>>> print(open('structure39.pdb').read())   # PDB, C-alpha atoms and all ligand atoms
ATOM      1  CA  MET K   1     -11.040 -21.323 -22.384  1.00  0.00           C
ATOM      2  CA  ARG K   2      -8.551 -23.747 -20.831  1.00  0.00           C
ATOM      3  CA  PHE K   3      -7.881 -23.885 -17.113  1.00  0.00           C
ATOM      4  CA  VAL K   4      -5.118 -25.650 -15.169  1.00  0.00           C
ATOM      5  CA  LEU K   5      -6.163 -28.538 -12.956  1.00  0.00           C
ATOM      6  CA  PRO K   6      -6.571 -27.918  -9.224  1.00  0.00           C
ATOM      7  CA  PHE K   7      -3.346 -28.602  -7.339  1.00  0.00           C
ATOM      8  CA  VAL K   8      -1.767 -28.569  -3.896  1.00  0.00           C
ATOM      9  CA  ARG K   9       1.582 -27.102  -2.888  1.00  0.00           C
ATOM     10  CA  HIS K  10       3.128 -27.005   0.575  1.00  0.00           C
ATOM     11  CA  VAL K  11       4.609 -24.334   2.818  1.00  0.00           C
ATOM     12  CA  ASP K  12       6.550 -26.029   5.607  1.00  0.00           C
ATOM     13  CA  PRO K  13       4.911 -24.934   8.899  1.00  0.00           C
ATOM     14  CA  ALA K  14       8.238 -25.022  10.754  1.00  0.00           C
ATOM     15  CA  SER K  15      10.547 -23.249   8.301  1.00  0.00           C
ATOM     16  CA  HIS K  16       7.776 -21.286   6.516  1.00  0.00           C
ATOM     17  CA  LEU K  17       9.482 -22.126   3.217  1.00  0.00           C
ATOM     18  CA  LEU K  18       7.631 -23.095   0.039  1.00  0.00           C
ATOM     19  CA  VAL K  19       8.589 -26.689  -0.706  1.00  0.00           C
ATOM     20  CA  ASP K  20       9.891 -27.497  -4.226  1.00  0.00           C
ATOM     21  CA  PRO K  21       9.610 -23.996  -5.692  1.00  0.00           C
ATOM     22  CA  GLN K  22       9.421 -23.817  -9.459  1.00  0.00           C
ATOM     23  CA  ASN K  23      11.944 -20.990  -9.514  1.00  0.00           C
ATOM     24  CA  ARG K  24      14.333 -19.459  -7.013  1.00  0.00           C
ATOM     25  CA  ILE K  25      15.709 -15.923  -7.312  1.00  0.00           C
ATOM     26  CA  VAL K  26      18.473 -14.722  -4.989  1.00  0.00           C
ATOM     27  CA  ARG K  27      19.183 -11.020  -4.622  1.00  0.00           C
ATOM     28  CA  ARG K  28      22.457  -9.779  -3.166  1.00  0.00           C
ATOM     29  CA  VAL K  29      23.597  -6.269  -2.286  1.00  0.00           C
ATOM     30  CA  SER K  30      25.242  -6.029  -5.725  1.00  0.00           C
ATOM     31  CA  ASP K  31      21.857  -6.592  -7.362  1.00  0.00           C
ATOM     32  CA  MET K  32      20.636  -3.367  -5.749  1.00  0.00           C
ATOM     33  CA  ARG K  33      23.474  -0.993  -6.552  1.00  0.00           C
ATOM     34  CA  GLY K  34      22.486   2.612  -5.952  1.00  0.00           C
ATOM     35  CA  MET K  35      19.300   1.780  -4.065  1.00  0.00           C
ATOM     36  CA  TYR K  36      20.671   2.255  -0.536  1.00  0.00           C
ATOM     37  CA  GLY K  37      21.385   5.747   0.704  1.00  0.00           C
ATOM     38  CA  ASP K  38      24.912   5.027   1.949  1.00  0.00           C
ATOM     39  CA  ALA K  39      26.952   4.280  -1.206  1.00  0.00           C
ATOM     40  CA  ALA K  40      30.176   3.673   0.745  1.00  0.00           C
ATOM     41  CA  ALA K  41      28.539   1.117   3.050  1.00  0.00           C
ATOM     42  CA  GLU K  42      26.970  -0.553   0.016  1.00  0.00           C
ATOM     43  CA  ALA K  43      30.344  -0.812  -1.776  1.00  0.00           C
ATOM     44  CA  GLU K  44      32.018  -2.163   1.361  1.00  0.00           C
ATOM     45  CA  LEU K  45      29.427  -4.909   1.740  1.00  0.00           C
ATOM     46  CA  VAL K  46      29.747  -5.875  -1.936  1.00  0.00           C
ATOM     47  CA  ALA K  47      33.533  -6.080  -1.532  1.00  0.00           C
ATOM     48  CA  ASN K  48      33.213  -8.143   1.649  1.00  0.00           C
ATOM     49  CA  GLY K  49      31.191 -11.152   0.583  1.00  0.00           C
ATOM     50  CA  ASP K  50      28.268  -9.456  -1.133  1.00  0.00           C
ATOM     51  CA  PRO K  51      25.702 -10.949   1.257  1.00  0.00           C
ATOM     52  CA  VAL K  52      22.359 -12.353   0.175  1.00  0.00           C
ATOM     53  CA  LEU K  53      19.557  -9.948   1.046  1.00  0.00           C
ATOM     54  CA  TYR K  54      16.622 -12.154   0.108  1.00  0.00           C
ATOM     55  CA  ASP K  55      15.437 -15.309  -1.614  1.00  0.00           C
ATOM     56  CA  MET K  56      12.276 -15.559  -3.649  1.00  0.00           C
ATOM     57  CA  LEU K  57      10.759 -19.034  -3.849  1.00  0.00           C
ATOM     58  CA  GLU K  58       8.258 -18.890  -6.668  1.00  0.00           C
ATOM     59  CA  GLY K  59       5.378 -21.287  -7.125  1.00  0.00           C
ATOM     60  CA  ASP K  60       3.952 -22.501 -10.393  1.00  0.00           C
ATOM     61  CA  ALA K  61       4.665 -20.156 -13.283  1.00  0.00           C
ATOM     62  CA  LEU K  62       1.107 -19.492 -14.324  1.00  0.00           C
ATOM     63  CA  ASN K  63       0.677 -16.586 -16.699  1.00  0.00           C
ATOM     64  CA  THR K  64      -2.795 -16.859 -18.113  1.00  0.00           C
ATOM     65  CA  PRO K  65      -5.021 -13.872 -17.324  1.00  0.00           C
ATOM     66  CA  GLY K  66      -7.234 -14.926 -14.432  1.00  0.00           C
ATOM     67  CA  ASP K  67      -4.614 -17.182 -12.875  1.00  0.00           C
ATOM     68  CA  LEU K  68      -2.906 -16.322  -9.592  1.00  0.00           C
ATOM     69  CA  ALA K  69       0.825 -16.511  -8.920  1.00  0.00           C
ATOM     70  CA  PHE K  70       2.388 -17.051  -5.500  1.00  0.00           C
ATOM     71  CA  CYS K  71       5.805 -16.632  -3.971  1.00  0.00           C
ATOM     72  CA  THR K  72       7.510 -16.915  -0.587  1.00  0.00           C
ATOM     73  CA  THR K  73      10.116 -14.236   0.136  1.00  0.00           C
ATOM     74  CA  VAL K  74      12.785 -14.730   2.817  1.00  0.00           C
ATOM     75  CA  LEU K  75      14.346 -11.350   3.635  1.00  0.00           C
ATOM     76  CA  HIS K  76      17.337 -11.633   5.941  1.00  0.00           C
ATOM     77  CA  PRO K  77      18.095  -9.243   8.820  1.00  0.00           C
ATOM     78  CA  GLY K  78      20.869  -6.685   8.464  1.00  0.00           C
ATOM     79  CA  LYS K  79      21.683  -3.139   7.439  1.00  0.00           C
ATOM     80  CA  VAL K  80      23.526  -1.242   4.739  1.00  0.00           C
ATOM     81  CA  GLY K  81      24.890   1.621   6.811  1.00  0.00           C
ATOM     82  CA  ASP K  82      21.906   2.549   8.992  1.00  0.00           C
ATOM     83  CA  GLU K  83      19.315   1.372   6.427  1.00  0.00           C
ATOM     84  CA  TYR K  84      17.635  -1.976   6.992  1.00  0.00           C
ATOM     85  CA  PHE K  85      17.820  -4.734   4.369  1.00  0.00           C
ATOM     86  CA  MET K  86      14.945  -4.370   1.914  1.00  0.00           C
ATOM     87  CA  THR K  87      13.545  -5.671  -1.344  1.00  0.00           C
ATOM     88  CA  LYS K  88      14.000  -3.785  -4.599  1.00  0.00           C
ATOM     89  CA  GLY K  89      10.359  -2.863  -4.771  1.00  0.00           C
ATOM     90  CA  HIS K  90       8.225  -2.546  -7.868  1.00  0.00           C
ATOM     91  CA  LEU K  91       5.015  -1.446  -9.476  1.00  0.00           C
ATOM     92  CA  HIS K  92       3.011  -3.974 -11.401  1.00  0.00           C
ATOM     93  CA  VAL K  93       3.268  -3.567 -15.168  1.00  0.00           C
ATOM     94  CA  LEU K  94      -0.517  -3.752 -15.231  1.00  0.00           C
ATOM     95  CA  ARG K  95      -0.843  -0.908 -12.743  1.00  0.00           C
ATOM     96  CA  ASP K  96      -4.287  -1.778 -11.379  1.00  0.00           C
ATOM     97  CA  ARG K  97      -3.318  -5.284 -10.222  1.00  0.00           C
ATOM     98  CA  ALA K  98      -3.405  -5.722  -6.430  1.00  0.00           C
ATOM     99  CA  GLU K  99      -1.591  -8.206  -4.207  1.00  0.00           C
ATOM    100  CA  VAL K 100      -1.894  -9.857  -0.770  1.00  0.00           C
ATOM    101  CA  TYR K 101       1.007 -10.567   1.594  1.00  0.00           C
ATOM    102  CA  TYR K 102       0.621 -12.995   4.493  1.00  0.00           C
ATOM    103  CA  ILE K 103       3.436 -12.504   7.001  1.00  0.00           C
ATOM    104  CA  LEU K 104       4.712 -15.855   8.242  1.00  0.00           C
ATOM    105  CA  ALA K 105       7.642 -14.843  10.476  1.00  0.00           C
ATOM    106  CA  GLY K 106       9.697 -11.871  11.581  1.00  0.00           C
ATOM    107  CA  ARG K 107       9.053  -8.141  11.721  1.00  0.00           C
ATOM    108  CA  GLY K 108       8.862  -5.874   8.745  1.00  0.00           C
ATOM    109  CA  ALA K 109       7.977  -2.461   7.467  1.00  0.00           C
ATOM    110  CA  LEU K 110       5.880  -2.296   4.297  1.00  0.00           C
ATOM    111  CA  VAL K 111       6.600   0.816   2.283  1.00  0.00           C
ATOM    112  CA  CYS K 112       4.129   1.748  -0.422  1.00  0.00           C
ATOM    113  CA  GLU K 113       3.841   4.795  -2.604  1.00  0.00           C
ATOM    114  CA  THR K 114       2.059   5.924  -5.721  1.00  0.00           C
ATOM    115  CA  PRO K 115       3.652   7.683  -8.693  1.00  0.00           C
ATOM    116  CA  GLU K 116       1.417  10.617  -7.722  1.00  0.00           C
ATOM    117  CA  GLY K 117       3.266  10.967  -4.396  1.00  0.00           C
ATOM    118  CA  GLU K 118       1.113   9.277  -1.757  1.00  0.00           C
ATOM    119  CA  VAL K 119       3.177   7.330   0.808  1.00  0.00           C
ATOM    120  CA  ASP K 120       2.121   4.619   3.268  1.00  0.00           C
ATOM    121  CA  VAL K 121       4.401   2.864   5.789  1.00  0.00           C
ATOM    122  CA  ARG K 122       3.167   0.050   8.074  1.00  0.00           C
ATOM    123  CA  GLU K 123       4.825  -2.259  10.550  1.00  0.00           C
ATOM    124  CA  VAL K 124       3.840  -5.911  10.211  1.00  0.00           C
ATOM    125  CA  GLY K 125       4.605  -9.179  11.988  1.00  0.00           C
ATOM    126  CA  ALA K 126       3.709 -12.864  11.857  1.00  0.00           C
ATOM    127  CA  GLY K 127       0.006 -13.379  11.203  1.00  0.00           C
ATOM    128  CA  ASP K 128      -0.587 -10.009   9.586  1.00  0.00           C
ATOM    129  CA  VAL K 129      -2.229  -9.829   6.183  1.00  0.00           C
ATOM    130  CA  TYR K 130      -1.108  -6.843   4.162  1.00  0.00           C
ATOM    131  CA  TYR K 131      -3.100  -5.654   1.173  1.00  0.00           C
ATOM    132  CA  VAL K 132      -1.260  -3.839  -1.619  1.00  0.00           C
ATOM    133  CA  PRO K 133      -3.867  -2.028  -3.714  1.00  0.00           C
ATOM    134  CA  GLY K 134      -3.381  -1.609  -7.434  1.00  0.00           C
ATOM    135  CA  GLY K 135      -1.324   1.439  -8.382  1.00  0.00           C
ATOM    136  CA  TRP K 136       0.967   1.328  -5.334  1.00  0.00           C
ATOM    137  CA  ALA K 137       4.694   0.550  -5.640  1.00  0.00           C
ATOM    138  CA  HIS K 138       5.616  -1.822  -2.803  1.00  0.00           C
ATOM    139  CA  ARG K 139       8.812  -2.599  -0.938  1.00  0.00           C
ATOM    140  CA  THR K 140       9.406  -4.778   2.141  1.00  0.00           C
ATOM    141  CA  VAL K 141      11.985  -3.984   4.813  1.00  0.00           C
ATOM    142  CA  ASN K 142      13.252  -6.310   7.559  1.00  0.00           C
ATOM    143  CA  VAL K 143      13.280  -4.237  10.768  1.00  0.00           C
ATOM    144  CA  GLY K 144      13.797  -7.227  13.079  1.00  0.00           C
ATOM    145  CA  ALA K 145      16.630  -9.525  14.102  1.00  0.00           C
ATOM    146  CA  GLU K 146      15.272 -12.671  12.419  1.00  0.00           C
ATOM    147  CA  ASP K 147      14.363 -13.595   8.854  1.00  0.00           C
ATOM    148  CA  LEU K 148      11.218 -11.854   7.626  1.00  0.00           C
ATOM    149  CA  VAL K 149       9.192 -14.434   5.677  1.00  0.00           C
ATOM    150  CA  PHE K 150       5.998 -13.704   3.773  1.00  0.00           C
ATOM    151  CA  PHE K 151       3.784 -15.387   1.226  1.00  0.00           C
ATOM    152  CA  ALA K 152       2.527 -13.236  -1.651  1.00  0.00           C
ATOM    153  CA  ILE K 153      -0.435 -13.912  -3.952  1.00  0.00           C
ATOM    154  CA  TYR K 154      -0.956 -11.763  -7.026  1.00  0.00           C
ATOM    155  CA  PRO K 155      -2.544 -11.885 -10.489  1.00  0.00           C
ATOM    156  CA  ALA K 156      -0.266 -13.965 -12.703  1.00  0.00           C
ATOM    157  CA  GLU K 157      -0.397 -11.448 -15.527  1.00  0.00           C
ATOM    158  CA  ALA K 158       0.482  -8.454 -13.295  1.00  0.00           C
ATOM    159  CA  GLY K 159       4.173  -8.270 -14.292  1.00  0.00           C
ATOM    160  CA  HIS K 160       6.942  -6.494 -12.376  1.00  0.00           C
ATOM    161  CA  ASP K 161       8.119  -3.010 -13.312  1.00  0.00           C
ATOM    162  CA  TYR K 162      11.417  -2.283 -11.526  1.00  0.00           C
ATOM    163  CA  ALA K 163      12.492   0.609 -13.753  1.00  0.00           C
ATOM    164  CA  PHE K 164      10.298   3.152 -12.008  1.00  0.00           C
ATOM    165  CA  ILE K 165      11.940   2.427  -8.637  1.00  0.00           C
ATOM    166  CA  GLU K 166      15.446   2.115 -10.078  1.00  0.00           C
ATOM    167  CA  GLU K 167      15.110   5.568 -11.590  1.00  0.00           C
ATOM    168  CA  ARG K 168      13.226   7.406  -8.849  1.00  0.00           C
ATOM    169  CA  GLY K 169      13.697   5.409  -5.661  1.00  0.00           C
ATOM    170  CA  PHE K 170      11.124   5.456  -2.861  1.00  0.00           C
ATOM    171  CA  ARG K 171      10.519   8.721  -1.028  1.00  0.00           C
ATOM    172  CA  LYS K 172      10.946   7.077   2.383  1.00  0.00           C
ATOM    173  CA  ARG K 173      13.922   5.094   3.666  1.00  0.00           C
ATOM    174  CA  ILE K 174      13.636   2.830   6.702  1.00  0.00           C
ATOM    175  CA  VAL K 175      16.602   3.341   9.020  1.00  0.00           C
ATOM    176  CA  ASP K 176      17.770   2.431  12.520  1.00  0.00           C
ATOM    177  CA  ASP K 177      16.384   4.940  15.025  1.00  0.00           C
ATOM    178  CA  GLY K 178      19.355   4.378  17.345  1.00  0.00           C
ATOM    179  CA  GLN K 179      17.133   2.758  20.000  1.00  0.00           C
ATOM    180  CA  GLY K 180      16.699  -0.688  18.533  1.00  0.00           C
ATOM    181  CA  GLY K 181      13.748   0.352  16.397  1.00  0.00           C
ATOM    182  CA  TRP K 182      13.193   1.990  13.059  1.00  0.00           C
ATOM    183  CA  LYS K 183      12.049   5.257  11.607  1.00  0.00           C
ATOM    184  CA  ALA K 184      11.102   6.418   8.119  1.00  0.00           C
ATOM    185  CA  VAL K 185      13.170   9.295   6.776  1.00  0.00           C
ATOM    186  CA  GLU K 186      12.999  11.294   3.541  1.00  0.00           C
TER     187      GLU K 186
HETATM  188  C1  LIG K 201       5.516 -10.072  -6.242  1.00  0.00           C
HETATM  189  C2  LIG K 201       5.613  -9.754  -4.780  1.00  0.00           C
HETATM  190  C3  LIG K 201       6.823 -10.359  -4.035  1.00  0.00           C
HETATM  191  C4  LIG K 201       8.155  -9.738  -4.474  1.00  0.00           C
HETATM  192  C5  LIG K 201       9.305 -10.161  -3.583  1.00  0.00           C
HETATM  193  C6  LIG K 201      10.633  -9.518  -3.920  1.00  0.00           C
HETATM  194  O1  LIG K 201       4.568  -9.293  -6.895  1.00  0.00           O
HETATM  195  O2  LIG K 201       5.513  -8.378  -4.536  1.00  0.00           O
HETATM  196  O3  LIG K 201       6.837 -11.734  -4.207  1.00  0.00           O
HETATM  197  O4  LIG K 201       8.472 -10.062  -5.796  1.00  0.00           O
HETATM  198  O5  LIG K 201       9.005  -9.854  -2.270  1.00  0.00           O
HETATM  199  O6  LIG K 201      10.554  -8.163  -4.149  1.00  0.00           O
HETATM  200  P1  LIG K 201      11.042  -7.538  -5.529  1.00  0.00           P
HETATM  201  O7  LIG K 201      10.665  -6.106  -5.444  1.00  0.00           O
HETATM  202  O8  LIG K 201      12.526  -7.759  -5.637  1.00  0.00           O
HETATM  203  O9  LIG K 201      10.299  -8.290  -6.611  1.00  0.00           O
HETATM  204 ZN    ZN K 202       4.189  -7.106  -6.368  1.00  0.00          ZN
END
>>> encode(input="structure39.pdb", output="structure tokens", more="lines below")
Ligand code: S6P
Ligand code: ZN
Amino acid sequence: MRFVLPFVRHVDPASHLLVDPQNRIVRRVSDMRGMYGDAAAEAELVANGDPVLYDMLEGDALNTPGDLAFCTTVLHPGKVGDEYFMTKGHLHVLRDRAEVYYILAGRGALVCETPEGEVDVREVGAGDVYYVPGGWAHRTVNVGAEDLVFFAIYPAEAGHDYAFIEERGFRKRIVDDGQGGWKAVE
């Protein structure tokens, strides 16, 4: 059995960003066609600049079973119609693999559900540690006015299955409640 050597990486305490990420993925509204409830608002945003929804700053690309992967996500504030900016959301390919999120800045709603129909929605803010158990699809929503930044740690071999969410969507959408807050709707 071969192991990598111990190493140190750095998350800037001021910006909360992972320094020198190995990979950076940017997702815009056009990368999430059909995922927001308001198709007209989605099309209008795509036509008017196609804003960035979130950046993923990925750490070392370890993929040996037993290794851990890590990633900082920066999810910007905003809405598509009345629905707050969110991540695509996914299940892990290896369904039983869990994950930990450490919230570094901002306010978010974590939306989780199982293929069997259980749903769990939690509000989180800086300092919160959110545990995603194996078997739960997970999506993050920015319900605040600032960037929502969180650091995720997960088994390197877990894999990301987006097809399930692309086909079925999540049961709950996180929308503006009209009073500066949010509510989950079917
Ligand atoms: C990875 C972890 C996060 C997400 C990221 C973006 O397992 O859950 O790093 O990848 O928040 O979300 P998504 O659904 O576009 O991968
Ligand atoms: Zn995940």
>>> closest_atom_pairs(input="structure39.pdb", of="chain K", to="ligand LIG 201 (chain K)", cutoff="9 Å", atoms="all atoms listed in the file", output="Markdown table")
| residue | atom | partner | partner_atom | distance |
| --- | --- | --- | --- | --- |
| K:Ile25 | CA | K:LIG201 | C6 | 8.8 |
| K:Arg27 | CA | K:LIG201 | O8 | 7.5 |
| K:Tyr54 | CA | K:LIG201 | C6 | 7.7 |
| K:Asp55 | CA | K:LIG201 | C6 | 7.9 |
| K:Met56 | CA | K:LIG201 | C5 | 6.2 |
| K:Leu57 | CA | K:LIG201 | O3 | 8.3 |
| K:Glu58 | CA | K:LIG201 | O3 | 7.7 |
| K:Ala69 | CA | K:LIG201 | O1 | 8.4 |
| K:Phe70 | CA | K:LIG201 | O3 | 7.1 |
| K:Cys71 | CA | K:LIG201 | O3 | 5.0 |
| K:Thr72 | CA | K:LIG201 | O3 | 6.4 |
| K:Thr73 | CA | K:LIG201 | O5 | 5.1 |
| K:Val74 | CA | K:LIG201 | O5 | 8.0 |
| K:Leu75 | CA | K:LIG201 | O5 | 8.1 |
| K:Met86 | CA | K:LIG201 | O6 | 8.4 |
| K:Thr87 | CA | K:LIG201 | O6 | 4.8 |
| K:Lys88 | CA | K:LIG201 | O7 | 4.2 |
| K:Gly89 | CA | K:LIG201 | O7 | 3.3 |
| K:His90 | CA | K:LIG201 | O7 | 5.0 |
| K:Leu91 | CA | K:LIG201 | O1 | 8.3 |
| K:His92 | CA | K:LIG201 | O1 | 7.1 |
| K:Ala98 | CA | K:LIG201 | O1 | 8.7 |
| K:Glu99 | CA | K:LIG201 | O1 | 6.8 |
| K:Val100 | CA | K:LIG201 | O2 | 8.4 |
| K:Tyr101 | CA | K:LIG201 | C2 | 7.9 |
| K:Val132 | CA | K:LIG201 | O2 | 8.7 |
| K:Ala137 | CA | K:LIG201 | O7 | 8.9 |
| K:His138 | CA | K:LIG201 | O2 | 6.8 |
| K:Arg139 | CA | K:LIG201 | O7 | 6.0 |
| K:Thr140 | CA | K:LIG201 | O5 | 6.7 |
| K:Phe150 | CA | K:LIG201 | O5 | 7.8 |
| K:Phe151 | CA | K:LIG201 | O3 | 7.2 |
| K:Ala152 | CA | K:LIG201 | O3 | 5.2 |
| K:Ile153 | CA | K:LIG201 | C2 | 7.4 |
| K:Tyr154 | CA | K:LIG201 | O1 | 6.1 |
| K:Pro155 | CA | K:LIG201 | O1 | 8.4 |
| K:Ala156 | CA | K:LIG201 | O1 | 8.9 |
| K:Ala158 | CA | K:LIG201 | O1 | 7.6 |
| K:Gly159 | CA | K:LIG201 | O1 | 7.5 |
| K:His160 | CA | K:LIG201 | O1 | 6.6 |
| K:Asp161 | CA | K:LIG201 | O9 | 8.8 |
| K:Tyr162 | CA | K:LIG201 | O7 | 7.2 |
>>> resolve_selection(input="structure39.pdb", expression="the PyMOL selection byres (((chain K and resi 106-119) around 10) and not hetatm)", output="PyMOL selection string")
chain K and resi 74-77+84+86+89-91+101+103-105+120-127+130+132-150+164-165+168+170-174+182-184
>>> residues_around(input="structure39.pdb", residues="Asp82 in chain K", least_positions_apart="4", cutoff="10 Å", atoms="only C-alpha atoms", output="list in words")
Tyr36, Gly37, Asp38, Ala41, Gly78, Arg173, Ile174, Val175, Asp176, Asp177, Gly178 and Trp182 of chain K
>>> atom_distance(input="structure39.pdb", atom1="CA of Pro13 in chain K", atom2="CA of Thr64 in chain K")
29.2 Å
>>> resolve_selection(input="structure39.pdb", expression="the PyMOL selection byres (((chain K and resi 31) around 10) and not hetatm)", output="ChimeraX atom specification")
/K:26-30,32-35,46,50,52-53,88
>>> write_last_selection(input="structure39.pdb", atoms="C-alpha atoms", output="compact mmCIF listing (two decimals), in the coordinates of the input")
# COMPACT_ATOMS: atom_id res chain seq x y z
CA VAL K 26 18.47 -14.72 -4.99
CA ARG K 27 19.18 -11.02 -4.62
CA ARG K 28 22.46 -9.78 -3.17
CA VAL K 29 23.60 -6.27 -2.29
CA SER K 30 25.24 -6.03 -5.72
CA MET K 32 20.64 -3.37 -5.75
CA ARG K 33 23.47 -0.99 -6.55
CA GLY K 34 22.49 2.61 -5.95
CA MET K 35 19.30 1.78 -4.07
CA VAL K 46 29.75 -5.88 -1.94
CA ASP K 50 28.27 -9.46 -1.13
CA VAL K 52 22.36 -12.35 0.18
CA LEU K 53 19.56 -9.95 1.05
CA LYS K 88 14.00 -3.78 -4.60
>>> closest_residue(input="structure39.pdb", among="K:Leu94, K:Leu18, K:Leu5, K:Val185", to="ligand ZN 202 (chain K)", atoms="all atoms listed in the file")
K:Leu94
>>> atom_distance(input="structure39.pdb", atom1="CA of Glu186 in chain K", atom2="CA of Asn48 in chain K")
28.1 Å
>>> closest_residue(input="structure39.pdb", among="K:Val80, K:Val93, K:Val4, K:Val11", to="ligand ZN 202 (chain K)", atoms="only C-alpha atoms and all ligand atoms")
K:Val93
>>> closest_residue(input="structure39.pdb", among="K:Ala43, K:Arg95, K:Asp60, K:Leu17", to="ligand ZN 202 (chain K)", atoms="all atoms listed in the file")
K:Arg95
>>> closest_residue(input="structure39.pdb", among="K:Tyr131, K:Ala40, K:Gly66, K:Phe7", to="ligand ZN 202 (chain K)", atoms="only C-alpha atoms and all ligand atoms")
K:Tyr131
>>> residues_around(input="structure39.pdb", residues="Asn63 in chain K", least_positions_apart="2", cutoff="7 Å", atoms="only C-alpha atoms", output="VMD selection string")
chain K and resid 61 65 67 156 to 157
>>> closest_residue(input="structure39.pdb", among="K:Leu68, K:Phe85, K:Glu167, K:Gly59", to="Val19 in chain K", atoms="only C-alpha atoms")
K:Gly59
>>> atom_distance(input="structure39.pdb", atom1="CA of Tyr102 in chain K", atom2="CA of Gly81 in chain K")
28.4 Å
>>> closest_residue(input="structure39.pdb", among="K:Leu62, K:Val8, K:Ala163, K:Ala47", to="Asp20 in chain K", atoms="only C-alpha atoms")
K:Val8
>>> axis_aligned_box(input="structure39.pdb", around="range 52-64 of chain K", padding_each_side="5 Å", output="JSON")
{"center_x": 9.8, "center_y": -16.2, "center_z": -8.5, "size_x": 35.2, "size_y": 22.6, "size_z": 29.2}
